[in-house]
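As provided, protein.csv (CSV, C-alpha atoms and all ligand atoms) reads as follows.
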```csv
chain,number,residue,atom,x,y,z
O,35,MET,CA,133.9,81.0,122.7
O,36,LEU,CA,132.0,83.7,120.9
O,37,VAL,CA,131.2,81.3,118.1
O,38,GLN,CA,129.8,78.8,120.6
O,39,ALA,CA,127.8,81.6,122.4
O,40,CYS,CA,126.4,82.8,119.1
O,41,GLY,CA,125.5,79.2,118.2
O,42,ALA,CA,123.8,78.6,121.5
O,43,ASN,CA,121.8,81.8,121.1
O,44,ARG,CA,120.8,80.9,117.6
O,45,TRP,CA,119.7,77.4,118.7
O,46,LEU,CA,117.7,78.9,121.6
O,47,TRP,CA,116.0,81.4,119.3
O,48,ASN,CA,115.0,78.7,116.9
O,49,TRP,CA,113.9,76.4,119.7
O,50,ALA,CA,111.8,79.1,121.4
O,51,LEU,CA,110.4,80.2,118.0
O,52,ARG,CA,109.3,76.6,117.2
O,53,TYR,CA,107.7,76.4,120.7
O,54,ARG,CA,105.8,79.6,120.3
O,55,GLU,CA,104.9,78.8,116.7
O,56,ASP,CA,103.4,75.5,117.8
O,57,VAL,CA,101.3,77.2,120.6
O,58,TRP,CA,100.2,79.9,118.2
O,59,LEU,CA,99.1,77.5,115.5
O,60,ALA,CA,97.3,75.3,118.1
O,61,ALA,CA,95.6,78.3,119.6
O,62,LYS,CA,94.6,79.6,116.2
O,63,SER,CA,93.0,76.3,115.1
O,64,ALA,CA,91.2,76.0,118.5
O,65,GLY,CA,90.1,79.6,118.4
O,66,ALA,CA,91.7,80.2,121.8
O,67,THR,CA,94.1,83.0,121.1
O,68,GLY,CA,94.3,84.0,124.7
O,69,LEU,CA,96.7,81.1,125.2
O,70,VAL,CA,99.3,82.8,123.0
O,71,GLY,CA,100.1,85.3,125.7
O,72,SER,CA,100.9,82.6,128.2
O,73,VAL,CA,104.1,81.6,126.4
O,74,GLY,CA,105.8,84.9,126.5
O,75,TYR,CA,109.2,85.8,127.9
O,76,ASN,CA,108.5,84.8,131.6
O,77,HIS,CA,107.3,81.3,130.6
O,78,LEU,CA,110.2,80.7,128.3
O,79,SER,CA,112.9,82.0,130.6
O,80,SER,CA,111.5,79.7,133.3
O,81,LEU,CA,112.2,76.8,131.0
O,82,LEU,CA,115.8,77.9,130.5
O,83,VAL,CA,117.1,76.0,133.5
O,84,GLY,CA,115.6,72.7,132.4
O,85,LEU,CA,116.9,73.3,128.9
O,86,LYS,CA,120.4,73.8,130.2
O,87,GLU,CA,120.2,70.4,132.0
O,88,GLN,CA,119.0,68.8,128.8
O,89,TYR,CA,121.6,70.5,126.6
O,90,PRO,CA,124.7,71.2,128.7
O,91,TRP,CA,126.4,73.1,125.8
O,92,LEU,CA,123.9,75.9,126.3
O,93,LYS,CA,125.9,76.8,129.4
O,94,LEU,CA,128.7,77.9,127.1
O,95,ALA,CA,126.8,81.1,126.4
O,96,PRO,CA,126.6,83.8,129.1
O,97,HIS,CA,123.2,83.4,130.8
O,98,HIS,CA,122.1,87.0,130.3
O,99,THR,CA,122.6,86.7,126.5
O,100,LEU,CA,120.2,83.8,126.4
O,101,GLN,CA,117.6,85.9,128.3
O,102,ALA,CA,118.3,88.8,125.9
O,103,THR,CA,117.6,86.4,122.9
O,104,LEU,CA,114.2,85.4,124.5
O,105,ARG,CA,113.4,89.1,125.0
O,106,ASP,CA,114.2,89.8,121.3
O,107,LEU,CA,111.9,87.0,120.3
O,108,ASP,CA,109.2,88.5,122.6
O,109,GLN,CA,109.6,91.8,120.7
O,110,ALA,CA,109.5,90.0,117.4
O,111,PHE,CA,106.2,88.4,118.3
O,112,SER,CA,104.7,91.6,119.7
O,113,ALA,CA,105.6,93.3,116.4
O,114,PHE,CA,104.0,90.5,114.5
O,115,PHE,CA,100.8,90.5,116.6
O,116,ALA,CA,100.6,94.3,116.2
O,117,GLY,CA,100.9,93.9,112.4
O,118,ARG,CA,104.1,95.9,112.3
O,119,ALA,CA,106.2,93.0,111.1
O,120,GLY,CA,106.0,89.6,109.5
O,121,PHE,CA,106.2,86.3,111.4
O,122,PRO,CA,109.6,85.9,113.1
O,123,VAL,CA,112.1,83.9,111.0
O,124,TYR,CA,114.4,81.1,111.9
O,125,ARG,CA,118.1,81.8,112.1
O,126,ARG,CA,120.5,80.0,109.9
O,127,LYS,CA,124.0,79.0,110.8
O,128,GLY,CA,125.6,80.9,108.0
O,129,ASP,CA,124.0,84.2,108.9
O,130,GLY,CA,126.8,85.3,111.2
O,131,GLY,CA,124.8,85.9,114.3
O,132,SER,CA,125.3,88.1,117.4
O,133,ILE,CA,124.9,88.1,121.1
O,134,ARG,CA,123.8,90.9,123.3
O,135,PHE,CA,124.9,91.5,126.9
O,136,PRO,CA,121.9,93.3,128.4
O,137,ASP,CA,123.4,94.1,131.7
O,138,ALA,CA,125.9,97.0,131.4
O,139,LYS,CA,126.9,96.6,135.0
O,140,GLN,CA,128.8,93.4,134.1
O,141,VAL,CA,130.7,95.2,131.4
O,142,LYS,CA,133.9,97.2,131.9
O,143,LEU,CA,135.6,99.4,129.5
O,144,GLU,CA,139.3,100.3,129.7
O,145,GLY,CA,141.1,101.8,126.7
O,146,ASP,CA,140.9,99.3,123.9
O,147,LEU,CA,139.9,96.5,126.2
O,148,VAL,CA,136.4,95.5,127.2
O,149,PHE,CA,135.4,93.1,130.0
O,150,LEU,CA,132.6,90.8,129.0
O,151,PRO,CA,130.9,88.2,131.3
O,152,LYS,CA,132.4,84.7,130.9
O,153,LEU,CA,134.8,85.9,128.2
O,154,GLY,CA,137.0,88.2,130.3
O,155,TRP,CA,139.0,91.0,128.8
O,156,VAL,CA,138.8,91.2,125.1
O,157,ARG,CA,140.8,93.6,122.9
O,158,PHE,CA,139.0,95.6,120.3
O,159,ARG,CA,139.6,98.5,118.0
O,160,ARG,CA,137.8,101.6,119.3
O,161,SER,CA,136.7,103.3,116.1
O,162,ARG,CA,134.8,106.0,117.9
O,163,PRO,CA,134.5,107.4,121.4
O,164,VAL,CA,131.9,105.7,123.7
O,165,ASP,CA,130.2,108.8,125.2
O,166,GLY,CA,127.2,108.4,127.4
O,167,LYS,CA,126.0,105.7,129.8
O,168,ILE,CA,126.3,102.2,128.4
O,169,ARG,CA,123.0,100.4,128.3
O,170,ASN,CA,123.9,97.2,126.6
O,171,VAL,CA,126.7,95.6,124.4
O,172,THR,CA,126.3,93.6,121.3
O,173,VAL,CA,129.0,91.4,119.8
O,174,GLY,CA,128.3,90.1,116.3
O,175,ARG,CA,129.9,88.5,113.4
O,176,GLU,CA,129.8,89.7,109.8
O,177,GLY,CA,131.6,87.6,107.3
O,178,GLY,CA,135.0,86.9,108.9
O,179,HIS,CA,134.9,90.0,111.1
O,180,TRP,CA,133.7,90.5,114.7
O,181,THR,CA,132.1,93.7,115.7
O,182,ILE,CA,131.2,95.2,119.0
O,183,SER,CA,128.7,97.9,119.6
O,184,PHE,CA,127.9,99.8,122.7
O,185,CYS,CA,124.3,101.1,123.0
O,186,VAL,CA,124.6,104.3,125.1
O,187,GLU,CA,122.1,106.7,126.6
O,188,GLY,CA,122.7,110.4,126.3
O,189,ASN,CA,121.6,113.6,124.9
O,190,TYR,CA,122.5,113.9,121.2
O,191,THR,CA,121.5,117.0,119.4
O,192,MET,CA,122.5,118.1,116.0
O,193,PRO,CA,122.8,121.8,115.0
O,194,ASN,CA,120.2,123.0,112.5
O,195,ALA,CA,120.9,126.2,110.6
O,196,GLY,CA,118.1,125.8,108.2
O,197,CYS,CA,114.8,127.6,108.0
O,198,ALA,CA,113.5,126.4,104.6
O,199,GLY,CA,111.6,123.2,103.8
O,200,ILE,CA,112.2,120.5,101.2
O,201,GLY,CA,110.1,117.8,99.6
O,202,LEU,CA,111.6,114.4,98.7
O,203,ASP,CA,110.5,111.9,96.1
O,204,LEU,CA,112.2,108.6,96.7
O,205,GLY,CA,112.0,107.1,93.2
O,206,VAL,CA,113.5,104.4,91.2
O,207,GLU,CA,115.3,106.1,88.3
O,208,ARG,CA,116.9,108.9,90.2
O,209,SER,CA,117.1,107.8,93.8
O,210,VAL,CA,116.1,110.9,95.7
O,211,ALA,CA,114.6,113.9,93.8
O,212,MET,CA,114.2,117.1,95.8
O,213,SER,CA,111.8,119.9,95.4
O,214,SER,CA,114.8,122.2,95.1
O,215,GLY,CA,115.5,120.8,91.7
O,216,GLU,CA,118.4,118.6,92.7
O,217,TYR,CA,118.6,114.9,92.8
O,218,VAL,CA,121.0,112.5,94.4
O,219,SER,CA,121.5,108.9,93.5
O,220,LEU,CA,122.1,106.5,96.4
O,221,PRO,CA,124.7,104.0,95.0
O,222,VAL,CA,123.5,100.7,93.8
O,223,PRO,CA,125.8,98.0,92.3
O,224,SER,CA,127.2,98.9,88.9
O,225,LYS,CA,126.7,96.4,86.0
O,226,ARG,CA,130.1,95.0,86.5
O,227,GLU,CA,129.6,94.6,90.3
O,228,ASP,CA,126.3,93.0,89.6
O,229,GLN,CA,127.9,90.5,87.2
O,230,ARG,CA,130.6,89.7,89.8
O,231,LEU,CA,128.0,89.0,92.5
O,232,ARG,CA,126.2,86.6,90.1
O,233,ARG,CA,129.4,84.9,89.2
O,234,LEU,CA,130.3,84.4,92.9
O,235,GLN,CA,126.8,83.0,93.5
O,236,ARG,CA,127.3,80.6,90.6
O,237,ILE,CA,130.6,79.4,92.0
O,238,ILE,CA,128.9,78.7,95.4
O,239,SER,CA,126.2,76.7,93.9
O,240,ARG,CA,128.7,74.6,91.9
O,241,ARG,CA,130.7,73.6,95.0
O,242,PHE,CA,129.9,70.8,97.4
O,243,LYS,CA,128.1,71.7,100.6
O,244,GLY,CA,130.3,71.5,103.6
O,245,SER,CA,133.5,71.8,101.6
O,246,ALA,CA,136.3,74.2,102.4
O,247,ARG,CA,136.2,75.6,98.8
O,248,ARG,CA,132.5,76.3,99.1
O,249,ARG,CA,133.0,78.1,102.4
O,250,ARG,CA,135.7,80.3,100.9
O,251,ALA,CA,133.4,81.2,98.0
O,252,VAL,CA,130.6,82.0,100.5
O,253,GLU,CA,133.0,84.3,102.3
O,254,ARG,CA,134.0,86.1,99.1
O,255,HIS,CA,130.4,86.6,98.2
O,256,ALA,CA,129.5,87.8,101.7
O,257,LYS,CA,132.4,90.2,101.7
O,258,MET,CA,131.4,91.8,98.5
O,259,LYS,CA,127.8,92.2,99.6
O,260,ARG,CA,128.9,93.7,102.8
O,261,ASN,CA,131.1,96.2,101.0
O,262,LEU,CA,128.2,97.2,98.7
O,263,ALA,CA,125.8,97.6,101.7
O,264,ASN,CA,128.4,99.7,103.6
O,265,ARG,CA,128.8,102.0,100.5
O,266,ARG,CA,125.1,102.7,100.2
O,267,LYS,CA,124.7,103.2,104.0
O,268,ASP,CA,127.6,105.7,103.9
O,269,ALA,CA,125.8,107.7,101.2
O,270,ALA,CA,122.5,107.5,103.0
O,271,HIS,CA,124.1,108.8,106.2
O,272,LYS,CA,125.8,111.7,104.4
O,273,LEU,CA,122.6,112.8,102.6
O,274,SER,CA,120.3,112.4,105.6
O,275,THR,CA,122.7,114.3,107.9
O,276,HIS,CA,123.0,117.1,105.3
O,277,LEU,CA,119.2,117.4,104.9
O,278,ALA,CA,118.3,117.2,108.6
O,279,THR,CA,120.8,119.9,109.6
O,280,THR,CA,120.0,122.4,106.8
O,281,HIS,CA,116.2,122.3,106.7
O,282,ALA,CA,113.4,123.1,109.2
O,283,LEU,CA,110.8,120.9,107.4
O,284,ILE,CA,111.3,117.8,105.4
O,285,VAL,CA,108.4,116.2,103.6
O,286,ILE,CA,108.4,112.6,102.4
O,287,GLU,CA,105.8,110.2,101.0
O,288,ASP,CA,103.9,108.1,103.5
O,289,LEU,CA,105.3,104.6,102.7
O,290,LYS,CA,102.4,102.8,104.5
O,291,ILE,CA,99.8,104.4,102.2
O,292,LYS,CA,102.1,103.8,99.2
O,293,GLN,CA,102.4,100.1,99.9
O,294,MET,CA,98.7,99.7,100.5
O,295,THR,CA,97.8,101.2,97.1
O,296,ALA,CA,100.7,99.6,95.1
O,297,THR,CA,100.0,96.7,92.8
O,298,ALA,CA,102.1,95.1,90.1
O,299,ALA,CA,100.2,96.9,87.4
O,300,GLY,CA,100.8,100.2,89.1
O,301,THR,CA,98.5,102.4,91.2
O,302,VAL,CA,95.7,104.6,90.0
O,303,ALA,CA,98.0,107.5,90.8
O,304,GLU,CA,101.1,106.1,89.3
O,305,PRO,CA,100.0,103.8,86.4
O,306,GLY,CA,102.5,101.2,85.5
O,307,ARG,CA,105.3,102.5,87.6
O,308,ASN,CA,105.7,99.3,89.6
O,309,VAL,CA,105.7,97.2,86.4
O,310,ARG,CA,109.2,98.5,85.7
O,311,GLN,CA,110.3,97.5,89.2
O,312,LYS,CA,111.5,94.0,88.5
O,313,ALA,CA,112.6,91.9,91.4
O,314,GLY,CA,116.2,92.3,90.5
O,315,LEU,CA,119.2,92.7,92.8
O,316,ASN,CA,119.4,96.4,92.3
O,317,ARG,CA,115.8,96.8,93.0
O,318,SER,CA,116.0,95.2,96.4
O,319,MET,CA,119.2,97.0,97.2
O,320,LEU,CA,117.6,100.3,96.4
O,321,ALA,CA,114.5,99.4,98.5
O,322,ASN,CA,116.9,98.7,101.4
O,323,ALA,CA,118.7,102.0,100.8
O,324,HIS,CA,115.4,103.8,100.9
O,325,ALA,CA,114.3,102.1,104.1
O,326,ASP,CA,117.7,102.9,105.7
O,327,PHE,CA,117.5,106.5,104.5
O,328,ARG,CA,114.0,107.0,105.9
O,329,ARG,CA,115.0,105.6,109.3
O,330,MET,CA,118.1,107.8,109.4
O,331,LEU,CA,116.1,110.8,108.4
O,332,ALA,CA,113.6,110.2,111.2
O,333,TYR,CA,116.1,110.0,114.0
O,334,LYS,CA,118.3,112.8,112.7
O,335,CYS,CA,115.3,115.1,112.3
O,336,GLU,CA,114.5,114.3,115.9
O,337,ARG,CA,118.0,115.3,116.9
O,338,SER,CA,118.3,118.5,114.8
O,339,GLY,CA,114.7,119.7,115.6
O,340,ALA,CA,113.7,119.6,112.0
O,341,ARG,CA,110.1,118.6,111.3
O,342,LEU,CA,109.5,115.5,109.3
O,343,GLU,CA,106.2,115.2,107.6
O,344,ALA,CA,104.9,112.2,105.6
O,345,VAL,CA,102.1,112.8,103.2
O,346,ASN,CA,99.8,110.7,101.1
O,347,PRO,CA,101.7,110.0,97.9
O,348,ALA,CA,98.6,109.6,95.7
O,349,TYR,CA,98.5,111.8,92.6
O,350,THR,CA,101.9,113.4,93.4
O,351,SER,CA,103.3,112.1,90.1
O,352,GLN,CA,100.5,113.3,87.8
O,353,THR,CA,99.6,116.6,89.3
O,354,CYS,CA,101.1,119.8,87.8
O,355,SER,CA,103.2,121.5,90.4
O,356,GLN,CA,102.4,124.9,88.9
O,357,CYS,CA,98.7,125.0,88.2
O,358,HIS,CA,97.7,121.8,90.2
O,359,TYR,CA,95.9,120.3,87.2
O,360,CYS,CA,95.7,116.6,87.8
O,361,ALA,CA,95.5,114.0,84.9
O,362,PRO,CA,97.3,110.9,83.9
O,363,GLU,CA,98.0,112.5,80.5
O,364,ASN,CA,100.4,114.9,82.3
O,365,ARG,CA,102.9,112.2,82.6
O,366,LYS,CA,104.5,111.9,79.2
O,367,SER,CA,107.0,109.3,80.2
O,368,GLN,CA,108.8,107.9,83.2
O,369,ALA,CA,111.1,111.0,83.1
O,370,VAL,CA,109.1,113.8,81.6
O,371,PHE,CA,106.2,115.7,83.0
O,372,LEU,CA,104.2,118.0,80.7
O,373,CYS,CA,101.1,119.7,81.9
O,374,VAL,CA,98.2,119.5,79.3
O,375,ALA,CA,96.5,122.5,81.0
O,376,CYS,CA,99.3,125.1,81.3
O,377,GLY,CA,102.2,123.5,79.4
O,378,HIS,CA,104.5,123.4,82.4
O,379,GLN,CA,107.4,120.9,81.7
O,380,GLN,CA,109.7,119.4,84.2
O,381,ASN,CA,111.5,116.3,85.3
O,382,ALA,CA,108.7,114.1,86.6
O,383,ASP,CA,110.4,113.2,89.9
O,384,ILE,CA,111.3,116.8,90.7
O,385,ASN,CA,107.7,117.8,89.8
O,386,ALA,CA,106.5,115.0,92.2
O,387,ALA,CA,108.9,116.3,94.9
O,388,ILE,CA,107.4,119.8,94.6
O,389,ASN,CA,103.9,118.3,95.0
O,390,ILE,CA,105.0,116.4,98.1
O,391,MET,CA,106.5,119.6,99.5
O,392,THR,CA,103.2,121.5,98.8
O,393,ALA,CA,101.2,118.8,100.5
O,394,GLY,CA,103.5,118.8,103.5
O,395,LEU,CA,103.2,122.5,103.9
O,396,ALA,CA,99.4,122.2,103.7
O,397,ALA,CA,99.5,119.5,106.4
O,398,THR,CA,101.7,121.6,108.6
O,399,VAL,CA,99.3,124.5,108.4
O,400,ARG,CA,96.3,122.2,109.0
O,401,GLY,CA,98.0,120.5,111.9
O,402,GLY,CA,98.5,123.9,113.5
O,403,LEU,CA,94.9,125.1,113.1
O,404,GLU,CA,92.6,122.2,113.7
O,405,GLU,CA,92.6,118.7,115.0
O,406,THR,CA,92.0,116.1,112.3
O,407,PRO,CA,90.8,113.0,114.1
O,408,ALA,CA,91.2,110.8,111.0
O,409,ASP,CA,95.0,110.7,111.4
O,410,GLU,CA,95.9,112.3,114.7
O,411,PRO,CA,96.8,111.8,117.4
O,412,ARG,CA,98.7,108.7,116.6
O,413,THR,CA,100.8,106.6,118.8
O,414,HIS,CA,104.3,105.5,118.0
O,415,PRO,CA,104.5,101.8,117.4
O,416,SER,CA,107.5,101.3,119.7
O,417,SER,CA,106.4,103.4,122.6
O,418,GLY,CA,102.6,103.1,122.4
O,419,LYS,CA,102.4,106.1,124.7
O,420,ARG,CA,103.8,109.2,123.2
O,421,LYS,CA,101.4,111.5,121.5
O,422,LEU,CA,102.5,112.4,118.0
O,423,SER,CA,101.2,114.6,115.3
O,424,GLY,CA,100.7,114.0,111.6
O,425,SER,CA,100.8,110.6,109.9
O,426,THR,CA,104.5,110.1,110.1
O,427,GLY,CA,104.6,108.3,113.4
O,428,ILE,CA,107.6,110.5,114.2
O,429,PRO,CA,107.7,113.0,117.1
O,430,VAL,CA,107.2,116.4,115.8
O,431,LYS,CA,109.1,119.3,117.3
O,432,ALA,CA,108.2,123.0,117.1
O,433,LEU,CA,108.8,124.3,113.6
O,434,ALA,CA,111.1,127.3,113.6
O,435,ALA,CA,109.1,130.1,112.1
O,501,ZN,ZN,99.9,123.0,84.8
```
Can you present the structure in this file as structure tokens?
Ligand SMILES: [Zn+2]
Amino acid sequence: MLVQACGANRWLWNWALRYREDVWLAAKSAGATGLVGSVGYNHLSSLLVGLKEQYPWLKLAPHHTLQATLRDLDQAFSAFFAGRAGFPVYRRKGDGGSIRFPDAKQVKLEGDLVFLPKLGWVRFRRSRPVDGKIRNVTVGREGGHWTISFCVEGNYTMPNAGCAGIGLDLGVERSVAMSSGEYVSLPVPSKREDQRLRRLQRIISRRFKGSARRRRAVERHAKMKRNLANRRKDAAHKLSTHLATTHALIVIEDLKIKQMTATAAGTVAEPGRNVRQKAGLNRSMLANAHADFRRMLAYKCERSGARLEAVNPAYTSQTCSQCHYCAPENRKSQAVFLCVACGHQQNADINAAINIMTAGLAATVRGGLEETPADEPRTHPSSGKRKLSGSTGIPVKALAA
């Protein structure tokens, strides 16, 4: 039943996406973009009854989950129109899929049993306590496994014993370099794991589409990718929790600015750095790890009361952290920094992390003294209402002196 419900939701997502895409393209060519707003959630959910008549198997999915899918699509389009995300993508059958029960009133929880609309009582393994008021429930499939997650509302604070600040350089060679002189590598696949992934991929492409042998190979490949992803998420969780609970100020690079200035040949600030970043498997895995890490850091800092500051990454890699002399010649190699003015020598990523820390401290002081209209106040993309400080887009709490 869950497979059918996931399938119905996937079909509805694709159908509604095609519908909205057609309207959007027509409106764009006619120059009448006002039309786009008329095919939002309300319009599409009003078509749902007719669709169910036309395609009776849609009724196999709990009605509320279909509505939740249309709401998700609405969100995806809002993010696209606001420039926060790319155009919504079509969902493929092999991608697992998930359904969300948006109405917590229809869900009951007793021990290791959960009551879901249309499905009845379902047994699950409760891997952690569900504390707080349940808002919605998502059931999804990953490889051969079903997962259930309860979105709860509550007050979640983390202790914070730290008073010091730290700057982070999220680099390529040594994943996270810190201004304290340490660096931590977020795990990426080893050479052997990389080879095994490629071999599994080759096996898949050799086998006939639709065959049982191909399906088994796809499952083996998906399982390995999932394990690798879980491993790096685990490391990112441990590191972000540690940092958020032991520091009062954490400074990172502003990714938005970084992306804007990045080119294949490298930026003015970081010549040739991106040239080395080939579109390999490890590269994209590390990019994912960094994105996860930033996201975790953001919400954990909010919980622990640590201040998270994002600074412009320009010139952080070629400025001397000791005498602040800035020149491309300072950067002897990818790993070594040697100041041509004062002779200061250091690991290049650590030197950059110290510069990021310095810039973050300067921004903190400036933010406390004067208003800089250029980059504040900003509004958070998801809320659009909250007033925030700095260029992070992250709510800032009072910094413990
Ligand atoms: Zn120097």
Check: Of the candidates O:His255, O:Lys272, O:His179, O:His378, which one gets nearest to ligand ZN 501 (chain O) if we count only C-alpha atoms and all ligand atoms?
Finding: O:His378
Note to self: With only C-alpha atoms as the counted atoms, please give the residues lying no more than 8 Å from segment 235-240 of chain O, apart from itself and same-chain residues fewer than 4 positions off, as a list in words.
What the structure shows: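 So the residues in contact are Leu231, Arg248, Ala251, Val252 and His255 of chain O.
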Checklist line | Polymer residues at most 8 Å from segment 107-117 of chain O, all atoms listed in the file, same-chain spacing of 5 or more positions, as a ChimeraX atom specification | finding: /O:47,50-51,74-75,122
Next item on the list: Find the distance between atom CA of Ala282 of chain O and atom CA of Thr353 of chain O and write it in Å to one decimal.
Entry: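 Computing it gives 25.1 Å between the two atoms.
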Next item on the list: Could you give me, as JSON, numbers by chain, every polymer residue with an atom at most 7 Å away from an atom of ligand ZN 501 (chain O), counting all atoms listed in the file?
Entry: {"O": [354, 355, 356, 357, 358, 359, 373, 374, 375, 376, 377, 378]}
Margin query: Just want the 10 Å neighbourhood of Leu147 of chain O, counted on only C-alpha atoms, with same-chain residues fewer than 4 positions away dropped. Output as a PyMOL selection string.
Written below: chain O and resi 142-143+154-160
Next item on the list: Find the residues around Leu320 of chain O up to 10 Å (only C-alpha atoms counted), leave out those fewer than 5 positions away in its own chain, and share them as a PyMOL selection string.
Entry: chain O and resi 204-206+209+219-223+266+315+325-326
Item checked: Neighbour list for segment 334-347 of chain O as an NGL selection string, cut-off 6 Å, all atoms listed in the file, skip fewer than 6 positions in-chain -> :O and (191-194 or 278-279 or 282-288 or 426 or 430-431)
Check: Nearest to Ile133 of chain O: which of O:Gln229, O:Asn43, O:Gln88, O:Ser72 is it, counting all atoms listed in the file?
Finding: O:Asn43
Next item on the list: Take atom CA of Thr172 of chain O and atom CA of Thr99 of chain O and report the distance between them in Å, one decimal.
Entry: 9.4 Å
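Atom CA of Cys197 of chain O is found 5.6 Å from atom CA of His281 of chain O.
Comparing O:Asp165, O:Arg118, O:Gln352, O:Asn170 by their smallest distance to Ala138 of chain O, the closest is O:Asn170 (using only C-alpha atoms).
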Next item on the list: For each of O:Val210, O:Tyr349, O:Thr280, O:Lys366, take the minimum atom-to-atom distance to Ala321 of chain O, counting all atoms listed in the file, then give the residue where this is smallest.
Entry: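 Once distances to Ala321 of chain O are computed over all atoms listed in the file, the minimum belongs to O:Val210.
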Checklist line | Protein/DNA/RNA residues near (102.7, 73.2, 123.8), cut 12 Å, all atoms listed in the file, as a PyMOL selection string | finding: chain O and resi 50-61+69-70+72-73+77-78
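Compared by their closest atoms to Arg125 of chain O, and using only C-alpha atoms, the residues O:Arg105, O:Arg44, O:Arg260, O:His97 rank with O:Arg44 nearest.
Each of O:Gly174, O:Gly128, O:Arg329, O:Met35 was checked against Arg249 of chain O using only C-alpha atoms; the smallest atom-to-atom distance is that of O:Gly128.
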